[in-house]
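Contents: one structure, followed by commentary.
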Amino acid sequence: MNSNQKVMVIATTDNMIWQFLLPHIKHLQDAGHTVECVCAKTGFWFDELQSKYGLIVHEINFNRNPISIKNFKGYKKLIKLQKHKQYDLIYCQQPVGGLMGRLIARKFKLPCIYTAHGFHFYKGCSFASKIIYKSIEKFLARFTTVLVTMNEEDYNASLDWKAKKKYKINGIGIDLSKYTPNVNLDKNAFKKELDLGENDFLVTSIGELNKNKNTFRLLEVIKSIDNPKIKYIICGQGPLKREYEEYITAHKLEDRVKMLGFRTDIQSILSVSDIYIMPSYREGLSRSMMEAMCQGLPVVASNIRGNIDLIGNNEGGILCSVDNNEEYKKAIISLFENENLRKEIAKRNKKFIKNYDLQVVLKQLEDAYKGL
């Protein structure tokens, strides 16, 4: 990739850029490129991208629904922005960001990098979703200079598409230097802050409270486990928050389930956890799961793409059928009862996750950019 390129980063939401793309943007800037961002404003992330990280961010309120009228209006705004700014390269993320970015690349005949964080068609999705989303992605690949995927299933699905280059990278990358053990953390005191006991066995999940993350079923699973020492911690917020709260109250689970909302101390929470759990219907390659693996946590996860890439054949934890409460229950109890198994998995995960270090991923991206 030639130096001094003017790059437009397009994401559907500000949270995507704030949470995942900052190291990638800095890497492009360090290489001499000018980077500006385009996204919807959904929270504090938008202002912080500008005030804390000094980025130029253009607000276009995309909607996650590809056929929303907001996206047609957003496309017109992108056309005006491109005519005014004259970007040399489009770097787009997420389904709607990817759609907008590649349409702009087609109109202005620009090179385009598209990072798929998990196609919206996948093994187990509805037939209609598979036909619609796969057809869209296959069509848009024609206007994609570099198509970047993050798991084996997505990469294989894209092999016969007409993107000029196709790469699989090891996720978005995590800075392993930030996940060294916090020797100053008083774990018992921190547990007390969370209204938990010293001997509680903590099962933790991180993510938006929505249907795709599928964590609502874990309330049912915890309810079915006859062991008051096993507690469930939920970090995240989202549209189903009230349903979670109502279920917890109705089934008197206040002592066993802790809803912590949005947290900035995830590393500390993972440090006092015993298991990480992720029953999602759809993932690309979960960063939160990788963060848990950095801490040596065994993972209980749905048997889907992305999770399979990280967990392997149950080497990094236990894979379960996505809708099978009994399998999740057995997996939690099995890990609770077997400390040696937890220690064995911890060693494997800490070693394995080195393949997903940020520096490894940035090198993979450099290889993908060559020739642009």
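Quick note on naming: the chains in the structure tokens go A, B, ... in the order shown, residues restart at 1 in each chain, and ligands are numbered from 1 in order of appearance.
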Residues of segment 259-313 of chain A that have any atom at most 12 Å from an atom of segment 215-238 of chain A: could you tabulate them with the shortest-distance atom pair and the distance in Å to one decimal, using only C-alpha atoms, ordered by chain and increasing number, as JSON lines?
{"residue": "A:Met259", "atom": "CA", "partner": "A:Ile234", "partner_atom": "CA", "distance": 4.9}
{"residue": "A:Leu260", "atom": "CA", "partner": "A:Cys235", "partner_atom": "CA", "distance": 5.1}
{"residue": "A:Gly261", "atom": "CA", "partner": "A:Gly236", "partner_atom": "CA", "distance": 4.5}
{"residue": "A:Phe262", "atom": "CA", "partner": "A:Gly236", "partner_atom": "CA", "distance": 4.7}
{"residue": "A:Arg263", "atom": "CA", "partner": "A:Cys235", "partner_atom": "CA", "distance": 6.6}
{"residue": "A:Thr264", "atom": "CA", "partner": "A:Cys235", "partner_atom": "CA", "distance": 9.9}
{"residue": "A:Asp265", "atom": "CA", "partner": "A:Cys235", "partner_atom": "CA", "distance": 10.1}
{"residue": "A:Ile266", "atom": "CA", "partner": "A:Cys235", "partner_atom": "CA", "distance": 8.3}
{"residue": "A:Gln267", "atom": "CA", "partner": "A:Cys235", "partner_atom": "CA", "distance": 11.7}
{"residue": "A:Ile269", "atom": "CA", "partner": "A:Ile233", "partner_atom": "CA", "distance": 8.9}
{"residue": "A:Leu270", "atom": "CA", "partner": "A:Ile233", "partner_atom": "CA", "distance": 10.1}
{"residue": "A:Val272", "atom": "CA", "partner": "A:Ile233", "partner_atom": "CA", "distance": 10.8}
{"residue": "A:Ser273", "atom": "CA", "partner": "A:Ile233", "partner_atom": "CA", "distance": 8.7}
{"residue": "A:Asp274", "atom": "CA", "partner": "A:Ile230", "partner_atom": "CA", "distance": 9.8}
{"residue": "A:Ile275", "atom": "CA", "partner": "A:Tyr232", "partner_atom": "CA", "distance": 9.6}
{"residue": "A:Tyr276", "atom": "CA", "partner": "A:Ile233", "partner_atom": "CA", "distance": 9.6}
{"residue": "A:Ile277", "atom": "CA", "partner": "A:Thr215", "partner_atom": "CA", "distance": 8.7}
{"residue": "A:Met278", "atom": "CA", "partner": "A:Thr215", "partner_atom": "CA", "distance": 7.3}
{"residue": "A:Pro279", "atom": "CA", "partner": "A:Thr215", "partner_atom": "CA", "distance": 6.3}
{"residue": "A:Ser280", "atom": "CA", "partner": "A:Thr215", "partner_atom": "CA", "distance": 7.3}
{"residue": "A:Tyr281", "atom": "CA", "partner": "A:Thr215", "partner_atom": "CA", "distance": 10.0}
{"residue": "A:Ser288", "atom": "CA", "partner": "A:Cys235", "partner_atom": "CA", "distance": 10.7}
{"residue": "A:Val300", "atom": "CA", "partner": "A:Leu218", "partner_atom": "CA", "distance": 11.3}
{"residue": "A:Ala301", "atom": "CA", "partner": "A:Thr215", "partner_atom": "CA", "distance": 10.7}
{"residue": "A:Ser302", "atom": "CA", "partner": "A:Thr215", "partner_atom": "CA", "distance": 10.8}
Item to complete: Find the spatial neighbours of segment 59-73 of chain A, counting only C-alpha atoms, within a cut-off of 9 Å - ignore same-chain residues fewer than 4 positions away - and output them as an MDAnalysis selection string.
Response: chainID A and resid 11:14 37:42 46 77:78 95:97 99:100
Give me, as CSV, the closest atom pair and its distance (Å, one decimal) for every residue of segment 337-372 of chain A within a cut-off of 12 Å of segment 111-116 of chain A, counting only C-alpha atoms, rows sorted by chain and rising number.
residue,atom,partner,partner_atom,distance
A:Leu365,CA,A:Ile113,CA,10.3
A:Glu366,CA,A:Ile113,CA,12.0
A:Ala368,CA,A:Ile113,CA,9.1
A:Tyr369,CA,A:Ile113,CA,8.3
A:Lys370,CA,A:Ile113,CA,11.6
A:Gly371,CA,A:Pro111,CA,10.6
A:Leu372,CA,A:Pro111,CA,7.2
Worksheet, complete the sentence: Across A:Leu28, A:Leu194, A:Val146, A:Cys320, the smallest distance to Val257 of chain A, with only C-alpha atoms counted, is shown by A:Leu194
Worksheet entry | 10 Å contact set for Lys162 of chain A, only C-alpha atoms, chain neighbours under 5 positions out, as a ChimeraX atom specification | /A:138-145,147
Practice prompt. Taking the chain letters and numbering used in this document, name the residues of segment 250-372 of chain A that DSSP puts in alpha helix (DSSP H), as number ranges by chain.
Written response: A: 250, 266-271, 287-294, 307-311, 325-337, 339-352, 358-369
Discussion item. For a quick check of understanding, using only C-alpha atoms, which of A:Asp175, A:Asp255, A:Glu283, A:Asp367 has the smallest distance to Asn151 of chain A?
Written reply: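 Between A:Asp175, A:Asp255, A:Glu283, A:Asp367, the residue approaching Asn151 of chain A most closely is A:Glu283.
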Discussion item. Considering only C-alpha atoms, can you say which of A:Ser135, A:Gln5, A:Gln94, A:Asn188 comes closest to Trp161 of chain A?
Written reply: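 The answer is A:Ser135, which sits nearest to Trp161 of chain A.
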Item to complete: Identify which of the residues A:Lys52, A:His58, A:Asp186, A:Asp323 lies closest to Gln82 of chain A, counting only C-alpha atoms when measuring atom-to-atom distances.
Response: A:His58
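The coordinates place atom CA of Gly171 of chain A at 8.9 Å from atom CA of Leu358 of chain A.
In this structure, atom CA of Ala105 of chain A sits 14.7 Å away from atom CA of Gly74 of chain A.
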